[in-house]
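Structure data (compact mmCIF, C-alpha atoms) from entry.txt:
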# COMPACT_ATOMS: atom_id res chain seq x y z
CA MET A 1 0.00 0.00 0.00
CA THR A 2 2.85 2.36 0.79
CA LEU A 3 4.20 1.88 -2.71
CA PHE A 4 0.83 2.81 -4.12
CA ARG A 5 0.73 5.92 -1.98
CA SER A 6 4.18 6.99 -2.99
CA ILE A 7 3.30 6.54 -6.64
CA ILE A 8 0.22 8.72 -6.22
CA ALA A 9 2.30 11.34 -4.43
CA THR A 10 4.89 11.28 -7.19
CA VAL A 11 2.28 11.63 -9.89
CA PHE A 12 0.91 14.69 -8.14
CA LEU A 13 4.38 16.11 -7.81
CA PHE A 14 4.91 15.66 -11.54
CA LEU A 15 1.63 17.30 -12.38
CA PHE A 16 2.49 20.22 -10.15
CA LEU A 17 5.91 20.57 -11.72
CA LEU A 18 4.50 20.23 -15.22
CA LEU A 19 1.94 22.94 -14.60
CA SER A 20 4.52 25.27 -13.17
CA VAL A 21 6.75 24.56 -16.15
CA LEU A 22 4.41 25.58 -18.91
CA PRO A 23 4.67 29.36 -18.67
CA ALA A 24 8.32 29.20 -17.71
CA SER A 25 11.01 29.46 -20.29
CA ALA A 26 14.25 27.72 -20.96
CA HIS A 27 17.37 28.70 -19.21
CA LYS A 28 19.96 29.61 -21.76
CA VAL A 29 21.66 32.65 -23.09
CA ARG A 30 21.13 33.67 -26.68
CA VAL A 31 22.85 36.14 -28.91
CA PHE A 32 21.62 37.99 -31.95
CA ALA A 33 23.97 40.04 -34.11
CA TYR A 34 23.54 42.31 -37.09
CA ILE A 35 25.42 44.90 -39.05
CA ASP A 36 24.40 48.48 -38.44
CA GLY A 37 26.25 50.97 -40.58
CA ASN A 38 29.90 50.24 -40.06
CA SER A 39 29.58 48.35 -36.81
CA VAL A 40 28.50 44.99 -35.57
CA VAL A 41 25.80 45.03 -32.95
CA ALA A 42 25.39 41.97 -30.74
CA GLU A 43 22.45 41.64 -28.39
CA GLY A 44 22.59 39.09 -25.59
CA ALA A 45 19.63 37.95 -23.55
CA PHE A 46 18.67 35.09 -21.33
CA SER A 47 15.75 33.10 -22.57
CA GLY A 48 13.37 34.79 -20.17
CA GLY A 49 14.14 38.00 -22.05
CA ARG A 50 16.41 39.48 -19.40
CA PRO A 51 19.43 41.20 -20.95
CA ALA A 52 22.82 39.56 -20.48
CA LYS A 53 24.78 42.37 -18.86
CA GLY A 54 28.54 42.58 -18.93
CA ALA A 55 28.88 39.52 -21.12
CA THR A 56 31.95 39.09 -23.26
CA VAL A 57 31.38 39.24 -27.00
CA THR A 58 33.97 37.80 -29.33
CA ALA A 59 33.88 38.05 -33.08
CA GLU A 60 36.06 35.69 -35.03
CA ASN A 61 36.60 34.74 -38.60
CA ALA A 62 34.10 31.94 -39.10
CA GLU A 63 36.51 29.99 -41.28
CA ASN A 64 39.89 30.12 -39.59
CA HIS A 65 38.65 31.15 -36.12
CA ALA A 66 41.05 34.02 -35.82
CA VAL A 67 39.69 36.41 -33.21
CA LEU A 68 39.04 39.76 -34.87
CA PHE A 69 37.79 41.79 -31.94
CA THR A 70 36.12 41.53 -28.55
CA GLY A 71 33.79 43.67 -26.51
CA LYS A 72 31.44 43.69 -23.57
CA THR A 73 27.69 44.18 -23.40
CA ASP A 74 26.20 47.16 -21.59
CA ALA A 75 23.31 47.22 -19.11
CA ALA A 76 20.84 46.57 -21.92
CA GLY A 77 22.78 43.54 -23.06
CA ILE A 78 23.97 45.26 -26.22
CA CYS A 79 27.51 45.36 -27.52
CA ARG A 80 28.41 47.63 -30.43
CA ILE A 81 31.78 47.25 -32.08
CA SER A 82 32.77 49.40 -35.01
CA LEU A 83 34.59 47.42 -37.62
CA PRO A 84 37.92 48.62 -38.92
CA LYS A 85 38.20 49.84 -42.50
CA SER A 86 40.47 46.94 -43.29
CA TYR A 87 37.61 44.57 -42.60
CA TRP A 88 35.41 46.08 -45.28
CA ARG A 89 37.99 45.56 -47.97
CA SER A 90 37.54 41.82 -47.64
CA PRO A 91 34.49 41.03 -45.52
CA VAL A 92 34.42 37.52 -44.11
CA SER A 93 31.71 35.61 -42.33
CA LEU A 94 31.77 36.37 -38.64
CA LEU A 95 31.19 33.98 -35.80
CA ILE A 96 29.89 36.01 -32.88
CA THR A 97 30.24 34.33 -29.50
CA LEU A 98 28.63 35.69 -26.38
CA SER A 99 29.77 34.33 -23.05
CA SER A 100 27.91 35.45 -19.95
CA GLY A 101 30.80 34.55 -17.64
CA ASP A 102 28.82 32.08 -15.55
CA GLY A 103 29.20 29.16 -17.87
CA HIS A 104 26.68 30.11 -20.51
CA GLN A 105 27.61 30.74 -24.07
CA ALA A 106 25.84 31.24 -27.38
CA THR A 107 26.95 31.86 -30.94
CA TRP A 108 25.57 33.62 -33.96
CA ILE A 109 26.85 33.48 -37.52
CA LEU A 110 26.86 36.64 -39.60
CA ASP A 111 27.52 35.29 -43.03
CA GLN A 112 29.42 37.15 -45.65
CA ALA A 113 26.42 38.27 -47.64
CA GLU A 114 24.93 39.86 -44.54
CA SER A 115 28.11 41.51 -43.46
CA LYS A 116 28.73 43.36 -46.72
CA PRO A 117 29.33 47.02 -46.06
CA ILE A 118 26.34 49.25 -46.56
CA LYS A 119 28.30 52.00 -48.26
CA THR A 120 30.52 50.71 -51.02
CA ALA A 121 32.79 53.00 -52.92
CA ASP A 122 32.91 50.76 -55.93
CA ALA A 123 29.39 49.51 -56.29
CA PRO A 124 28.91 47.18 -59.23
CA ALA A 125 27.64 48.90 -62.33
CA PRO A 126 23.89 48.44 -62.54
CA ALA A 127 22.54 46.35 -65.38
CA ALA A 128 21.22 48.10 -68.47
CA SER A 129 17.56 47.45 -67.78
CA GLU A 130 17.83 48.89 -64.31
CA LYS A 131 19.55 51.96 -65.63
CA GLU A 132 16.66 52.80 -67.86
CA ALA A 133 14.08 53.23 -65.14
CA PRO A 134 15.35 56.37 -63.38
CA THR A 135 16.28 58.15 -66.61
CA ALA A 136 12.85 57.51 -68.03
CA VAL A 137 11.08 59.02 -65.03
CA SER A 138 13.17 62.12 -64.68
CA THR A 139 13.83 63.33 -68.17
CA ASP A 140 13.07 66.96 -67.37
CA ASP A 141 14.85 67.00 -64.01
CA ASP A 142 18.28 68.53 -63.79
CA TYR A 143 19.44 66.07 -61.10
CA THR A 144 19.07 62.33 -61.42
CA PRO A 145 20.27 60.13 -58.59
CA SER A 146 22.08 57.18 -60.01
CA ALA A 147 20.55 53.74 -59.75
CA SER A 148 23.38 52.52 -57.58
CA PHE A 149 22.89 55.43 -55.20
CA ILE A 150 19.21 54.62 -54.78
CA ARG A 151 20.13 50.99 -54.41
CA GLU A 152 22.46 51.89 -51.54
CA ILE A 153 19.80 53.86 -49.72
CA VAL A 154 17.23 51.15 -50.16
CA ARG A 155 19.67 48.52 -48.99
CA GLU A 156 20.64 50.55 -45.94
CA GLU A 157 17.05 51.30 -45.02
CA LEU A 158 15.91 47.75 -45.63
CA ALA A 159 18.69 46.35 -43.48
CA ARG A 160 17.62 48.63 -40.67
CA GLN A 161 13.95 47.77 -41.03
CA LEU A 162 14.63 44.07 -41.12
CA VAL A 163 16.53 43.97 -37.84
CA PRO A 164 13.42 43.57 -35.66
CA VAL A 165 12.16 40.82 -37.95
CA GLN A 166 15.47 39.01 -37.78
CA ARG A 167 15.54 39.39 -34.02
CA GLU A 168 12.05 37.97 -33.79
CA LEU A 169 13.07 35.04 -35.95
CA ALA A 170 16.12 34.45 -33.79
CA VAL A 171 13.93 34.30 -30.70
CA MET A 172 11.46 32.00 -32.40
CA GLY A 173 14.24 29.77 -33.64
CA GLN A 174 15.26 29.03 -30.08
CA GLN A 175 14.23 25.53 -29.25
CA LYS A 176 12.18 25.61 -26.11
CA PRO A 177 11.46 22.48 -24.16
CA SER A 178 8.00 21.38 -25.12
CA VAL A 179 5.56 19.26 -23.17
CA GLN A 180 6.47 16.39 -25.49
CA ASP A 181 10.12 16.72 -24.50
CA VAL A 182 9.24 16.69 -20.82
CA VAL A 183 6.89 13.73 -21.04
CA GLY A 184 9.32 11.93 -23.33
CA GLY A 185 12.17 12.45 -20.90
CA ILE A 186 10.16 11.08 -17.99
CA GLY A 187 9.19 8.16 -20.19
CA TYR A 188 12.86 7.42 -20.90
CA ILE A 189 13.67 7.45 -17.20
CA VAL A 190 10.81 5.15 -16.27
CA GLY A 191 11.61 2.88 -19.19
CA LEU A 192 15.25 2.67 -18.21
CA ALA A 193 14.30 1.82 -14.64
CA GLY A 194 11.96 -0.86 -15.94
CA LEU A 195 14.71 -2.29 -18.10
CA ILE A 196 17.13 -2.48 -15.19
CA ALA A 197 14.47 -4.01 -12.96
CA TYR A 198 13.69 -6.58 -15.65
CA MET A 199 17.32 -7.54 -16.08
CA ASN A 200 17.73 -7.78 -12.31
CA ALA A 201 14.69 -9.99 -12.05
CA ARG A 202 16.00 -12.28 -14.79
CA LYS A 203 19.37 -12.54 -13.08
CA LYS A 204 17.62 -13.51 -9.89
CA GLY A 205 15.46 -16.01 -11.74
CA GLU A 206 18.51 -17.68 -13.28
CA LYS A 207 20.19 -17.98 -9.92
CA GLY A 208 17.16 -19.29 -8.03
CA MET B 1 23.44 25.32 -13.39
CA HIS B 2 24.82 23.91 -16.59
CA ILE B 3 28.09 24.81 -18.23
CA SER B 4 27.62 25.23 -21.96
CA GLU B 5 29.53 23.34 -24.59
CA GLY B 6 32.74 24.91 -25.82
CA ILE B 7 33.79 26.80 -22.70
CA LEU B 8 35.90 24.29 -20.82
CA THR B 9 39.26 22.95 -21.89
CA ALA B 10 39.97 19.29 -22.58
CA PRO B 11 41.76 18.49 -19.27
CA VAL B 12 38.80 19.85 -17.28
CA LEU B 13 36.37 17.87 -19.41
CA LEU B 14 38.37 14.68 -19.00
CA GLY B 15 38.82 15.18 -15.26
CA GLY B 16 35.11 15.75 -14.79
CA GLY B 17 34.34 12.73 -16.93
CA ALA B 18 36.65 10.49 -14.90
CA LEU B 19 35.14 11.61 -11.60
CA THR B 20 31.66 11.06 -12.96
CA VAL B 21 32.49 7.55 -14.13
CA ALA B 22 33.87 6.71 -10.68
CA GLY B 23 30.90 8.21 -8.86
CA THR B 24 28.43 6.47 -11.15
CA MET B 25 30.10 3.09 -10.60
CA ILE B 26 29.86 3.50 -6.84
CA GLY B 27 26.28 4.71 -7.18
CA LEU B 28 25.21 1.77 -9.33
CA LYS B 29 26.72 -0.68 -6.84
CA LYS B 30 24.64 0.91 -4.08
CA ILE B 31 21.31 0.56 -5.83
CA ASP B 32 19.56 -2.63 -4.89
CA TYR B 33 16.62 -4.20 -6.62
CA GLY B 34 13.97 -2.50 -4.52
CA GLY B 35 15.53 0.92 -4.86
CA ILE B 36 15.37 1.20 -8.63
CA MET B 37 11.98 2.88 -8.71
CA SER B 38 12.95 5.44 -6.06
CA VAL B 39 16.03 6.34 -8.06
CA ALA B 40 13.98 6.63 -11.24
CA MET B 41 11.37 8.86 -9.62
CA LEU B 42 13.96 11.21 -8.19
CA THR B 43 15.76 11.23 -11.53
CA ALA B 44 12.52 12.35 -13.11
CA VAL B 45 12.04 15.02 -10.44
CA PHE B 46 15.53 16.38 -11.08
CA PHE B 47 14.98 16.23 -14.83
CA VAL B 48 11.80 18.29 -14.63
CA ALA B 49 12.97 20.68 -11.90
CA SER B 50 15.38 22.37 -14.31
CA LEU B 51 12.39 23.73 -16.20
CA VAL B 52 11.13 25.69 -13.22
CA HIS B 53 12.51 29.11 -13.83
CA VAL B 54 13.41 31.21 -10.80
CA PRO B 55 13.19 34.90 -11.72
CA LEU B 56 15.23 36.11 -8.74
CA GLY B 57 18.64 37.71 -8.49
CA PRO B 58 20.83 39.06 -11.26
CA GLY B 59 21.16 35.93 -13.37
CA SER B 60 18.72 33.53 -14.89
CA ILE B 61 18.44 30.36 -12.87
CA HIS B 62 16.25 27.35 -12.42
CA LEU B 63 15.55 24.82 -9.69
CA LEU B 64 18.05 22.01 -9.24
CA LEU B 65 16.89 19.93 -6.28
CA HIS B 66 20.11 17.95 -6.32
CA GLY B 67 20.36 18.39 -2.55
CA LEU B 68 17.16 16.38 -2.27
CA LEU B 69 18.62 13.63 -4.45
CA GLY B 70 21.81 13.50 -2.43
CA LEU B 71 19.89 13.40 0.84
CA ILE B 72 17.65 10.53 -0.21
CA LEU B 73 19.80 8.58 -2.64
CA GLY B 74 23.33 9.05 -1.36
CA TRP B 75 25.81 7.76 -3.94
CA ALA B 76 22.94 6.69 -6.19
CA ALA B 77 22.48 10.40 -6.91
CA PHE B 78 25.40 10.10 -9.34
CA PRO B 79 23.74 7.80 -11.88
CA ALA B 80 20.43 9.61 -11.33
CA ILE B 81 21.88 13.03 -12.11
CA LEU B 82 23.92 11.64 -15.00
CA ILE B 83 20.83 10.23 -16.70
CA ALA B 84 18.78 13.36 -16.04
CA LEU B 85 21.51 15.65 -17.38
CA LEU B 86 21.93 13.46 -20.45
CA LEU B 87 18.24 13.75 -21.20
CA GLN B 88 18.29 17.49 -20.53
CA ALA B 89 21.18 17.88 -22.95
CA LEU B 90 19.45 15.82 -25.62
CA LEU B 91 15.93 17.15 -25.23
CA PHE B 92 16.34 20.70 -23.92
CA GLN B 93 19.83 21.54 -25.24
CA TYR B 94 20.92 22.43 -21.71
CA GLY B 95 24.62 21.89 -21.21
CA GLY B 96 25.88 19.37 -23.71
CA ILE B 97 27.24 15.90 -24.27
CA LEU B 98 30.91 16.81 -24.00
CA VAL B 99 30.45 18.71 -20.74
CA LEU B 100 28.19 16.02 -19.32
CA GLY B 101 30.94 14.64 -17.07
CA VAL B 102 31.83 18.01 -15.60
CA ASN B 103 28.20 19.00 -15.13
CA THR B 104 27.39 15.69 -13.46
CA CYS B 105 30.18 15.80 -10.92
CA MET B 106 29.61 19.50 -10.36
CA LEU B 107 26.05 18.70 -9.24
CA ALA B 108 26.24 15.15 -7.93
CA GLY B 109 29.44 15.60 -5.92
CA PRO B 110 28.06 18.27 -3.56
CA ALA B 111 24.72 16.45 -3.49
CA VAL B 112 26.32 13.24 -2.20
CA LEU B 113 28.58 15.12 0.21
CA CYS B 114 25.72 17.15 1.69
CA GLY B 115 23.48 14.09 1.80
CA TYR B 116 25.94 12.17 3.96
CA ALA B 117 26.85 15.25 6.02
CA VAL B 118 23.27 15.85 7.16
CA ARG B 119 22.50 12.16 7.71
CA PRO B 120 23.26 12.27 11.46
CA LEU B 121 20.76 15.12 11.80
CA LEU B 122 18.18 13.06 9.98
CA GLN B 123 18.71 10.15 12.33
CA ARG B 124 18.27 12.45 15.31
CA ASN B 125 14.95 13.43 13.80
CA ARG B 126 15.97 16.98 12.90
CA VAL B 127 14.37 16.48 9.50
CA MET B 128 13.62 20.11 8.68
CA VAL B 129 17.11 21.30 9.55
CA ALA B 130 18.70 18.47 7.60
CA GLY B 131 16.57 19.23 4.55
CA PHE B 132 17.35 22.93 4.58
CA LEU B 133 21.07 22.42 5.03
CA ALA B 134 21.25 19.81 2.27
CA GLY B 135 19.40 22.06 -0.17
CA PHE B 136 21.33 25.20 0.75
CA PHE B 137 24.84 23.82 0.82
CA SER B 138 24.54 21.63 -2.25
CA VAL B 139 23.78 24.71 -4.34
CA LEU B 140 26.58 26.66 -2.66
CA LEU B 141 29.16 23.92 -3.20
CA SER B 142 28.03 23.35 -6.77
CA GLY B 143 28.45 27.06 -7.41
CA ILE B 144 32.00 26.92 -6.07
CA LEU B 145 32.79 23.86 -8.18
CA MET B 146 31.37 25.59 -11.23
CA ALA B 147 33.55 28.64 -10.63
CA LEU B 148 36.50 26.31 -10.17
CA ALA B 149 35.82 24.57 -13.47
CA LEU B 150 35.50 27.93 -15.23
CA MET B 151 38.70 29.16 -13.64
CA LEU B 152 40.67 26.08 -14.65
CA SER B 153 39.60 26.73 -18.21
CA ASP B 154 39.80 30.43 -18.64
CA ALA B 155 38.03 33.05 -16.59
CA GLY B 156 39.45 34.29 -13.29
CA PHE B 157 38.15 32.38 -10.29
CA LEU B 158 37.05 35.37 -8.26
CA ALA B 159 35.13 36.97 -11.08
CA ALA B 160 33.43 33.72 -12.02
CA ALA B 161 32.73 32.76 -8.41
CA LYS B 162 31.26 36.16 -7.63
CA LEU B 163 29.00 35.98 -10.66
CA VAL B 164 27.88 32.41 -10.08
CA LEU B 165 27.35 32.66 -6.34
CA LEU B 166 25.59 36.01 -6.56
CA ALA B 167 23.24 34.61 -9.17
CA HIS B 168 22.56 31.51 -7.11
CA LEU B 169 22.15 33.14 -3.70
CA PRO B 170 18.35 33.29 -3.92
CA LEU B 171 18.34 29.73 -5.21
CA MET B 172 20.29 28.48 -2.19
CA VAL B 173 17.59 29.74 0.14
CA LEU B 174 14.78 28.56 -2.12
CA GLU B 175 16.27 25.09 -2.57
CA GLY B 176 16.84 24.88 1.16
CA LEU B 177 13.18 25.63 1.81
CA ILE B 178 11.88 23.28 -0.88
CA THR B 179 14.13 20.43 0.22
CA MET B 180 13.10 21.07 3.82
CA PHE B 181 9.39 20.79 3.05
CA VAL B 182 9.76 17.81 0.71
CA VAL B 183 11.81 15.90 3.27
CA ALA B 184 9.39 16.77 6.05
CA TYR B 185 6.52 15.62 3.86
CA LEU B 186 8.26 12.38 2.95
CA LYS B 187 9.04 11.77 6.61
CA LYS B 188 5.32 11.97 7.30
CA VAL B 189 3.95 9.88 4.45
CA GLN B 190 6.85 7.64 3.45
CA PRO B 191 9.51 7.51 6.15
CA ALA B 192 11.02 4.37 4.64
CA ILE B 193 12.36 6.28 1.62
CA LEU B 194 14.59 8.39 3.88
CA ASN B 195 16.44 5.23 4.83
CA PHE B 196 17.23 4.50 1.20
CA SER B 197 20.95 5.09 1.61
CA LYS B 198 22.24 3.89 4.93
What do you get writing this file as C-alpha cells?
Amino acid sequence: MTLFRSIIATVFLFLFLLLSVLPASAHKVRVFAYIDGNSVVAEGAFSGGRPAKGATVTAENAENHAVLFTGKTDAAGICRISLPKSYWRSPVSLLITLSSGDGHQATWILDQAESKPIKTADAPAPAASEKEAPTAVSTDDDYTPSASFIREIVREELARQLVPVQRELAVMGQQKPSVQDVVGGIGYIVGLAGLIAYMNARKKGEKG
Amino acid sequence: MHISEGILTAPVLLGGGALTVAGTMIGLKKIDYGGIMSVAMLTAVFFVASLVHVPLGPGSIHLLLHGLLGLILGWAAFPAILIALLLQALLFQYGGILVLGVNTCMLAGPAVLCGYAVRPLLQRNRVMVAGFLAGFFSVLLSGILMALALMLSDAGFLAAAKLVLLAHLPLMVLEGLITMFVVAYLKKVQPAILNFSK
C-alpha cells in the first residue's frame, strides 16, 4: 500500500511541476547580431528575455577562427563594435560568440552576404535594364540620382527595417522544451528503470 | 546550473568525466533491486525541476533539487543526475554531451557530500534542519565547483565565483526551503524512503 501511496504522491508532484513549467522558459543565453552601418551590434539575452549584462562578446573569422575583436555588453545587453576599415575591404563571415561569464555561451553566424558594407565605394555597375528606369522618369529634371545610389539607400534602409524581424526570428528559432520533451524524458527514465528491474529480475530467476 | 559546450578545456572535461564515471560506478553498486523505482522517480524530479525558472537575483536560474537527491539517494544520486543531465542535454539543449561529465560531478558531488553530512541530523529526527542544510549547501558547493571549473579553463576564479554565487544566492535559500518541506513531507507519508541510503 505504501508503494501505491508513494506513486500517487509522485504523480501529483509531476503534475504540479509540469503545470509550473508551462509558462516558464528555458534557461539559456542567446545572442543575436547584425550589421548596423559600419559596426556589428550583438544583443545578448537570457531566454526569459532578461538582458545579459557585462557579457563578453567575441567576433572571429568563421573559417579560420582568428579572433578579430572583442567587446562587452552594456546594461541593456547590447555590444556595439565598429569594424575597422580593413575589414570592409575583404568582408568575411563572422562567428559572434557571447559568453555570460557564468558558464553560458551562445553563438551567432553573420555570413558574408549579410556583413557586406552598406556603403561601397565601388558599387557594381547596374545592369542596363535597371539603368533605364530612373532616366525615363526624370527626363526633365536637372538632377538624377544614379541607380546605384538609390540601391544603396534602399539597402541601408531595408537592413535597418529588417533587424526587428530578424531578431524575432532568432527568438522564435530558439528551441524551447515542449511538453512532449518533458513527457518523453520522464518516459525514458521510467523505461530505463523498468529495463534495469527486468534484467535484475532475470538474473535472480537464473540464480534461483 | 549547466556549463555550456565549448567553454571548458579538454583536461577539465576529461577530469570531470573520470570523476563522474567513478561516482556512477559507486552509485550503481549501491542501488539494490527495490531501490530502482525510487532512483527513477527522483531522476525524473531532477529532470523536470530544471524547467522551473526562478526569476530572482541578477542571473537567470532554475531549480536544481540535487540536494534532495543527495539526501535521499546518497551515492545513487550520481547515476540519477547523470541520466537526467543526459536527457536534458538531448531534449532541452541544456549543457551538452561533452560537458556532461563536468556538469554531473559539479552537481552530484556536492549532493552526495551534503546528503551524507546531514544524515546524522536526519537520524536524530531533525528532519527540517537536515533538509534545509542539504538544499542550501549543495547549491553553494556546486556554485563553487562551477567557478573552479571555469577558472581552470579560462576566466578568473574570483570573477566567475562572484558571478555564479551572486546569481545563485536566492536559489540556495529557495532550494533549502523546498528540500526542507519535501523531506518533512516524505518523513510523514513515506519515512522508509529516507532510509534508502544507509
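You can rank B:Leu65, B:Val139, B:Leu113, B:Leu90 by their closest distance to Val183 (chain B) using only C-alpha atoms, and at the top of that list sits B:Leu65.
Here CA of Lys85 (chain A) and CA of Gln161 (chain A) stand 24.4 Å from one another.
Interface residues on chain A toward chain B (cut-off 6 Å, all atoms listed in the file): Val21, Ala24, Asp102, Gly103, His104, Gln105, Pro177, Asp181, Ile186 and Ala193 of chain A.
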statement: CA of Tyr34 (chain A) sits from CA of Phe149 (chain A) at a separation of 22.4 Å
Name the residues in contact with Val67 (chain A) at a cut-off of 10 Å, using all atoms listed in the file, excluding same-chain residues fewer than 3 positions from it; report them as a PDB file with C-alpha atoms, in the frame of the given file.
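Result written to out-v8.pdb:
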ATOM      1  CA  THR A  58      33.970  37.800 -29.330  1.00  0.00           C
ATOM      2  CA  ALA A  59      33.880  38.050 -33.080  1.00  0.00           C
ATOM      3  CA  GLU A  60      36.060  35.690 -35.030  1.00  0.00           C
ATOM      4  CA  ASN A  61      36.600  34.740 -38.600  1.00  0.00           C
ATOM      5  CA  ALA A  62      34.100  31.940 -39.100  1.00  0.00           C
ATOM      6  CA  ASN A  64      39.890  30.120 -39.590  1.00  0.00           C
ATOM      7  CA  THR A  70      36.120  41.530 -28.550  1.00  0.00           C
ATOM      8  CA  LEU A  94      31.770  36.370 -38.640  1.00  0.00           C
ATOM      9  CA  LEU A  95      31.190  33.980 -35.800  1.00  0.00           C
ATOM     10  CA  ILE A  96      29.890  36.010 -32.880  1.00  0.00           C
TER      11      ILE A  96
END
task: Fewer than 4 positions away in the same chain doesn't count, so skip those; otherwise give me all residues within 7 Å of Met106 (chain B), counting all atoms listed in the file, as a PyMOL selection string.
output: chain B and resi 102+142+145-146
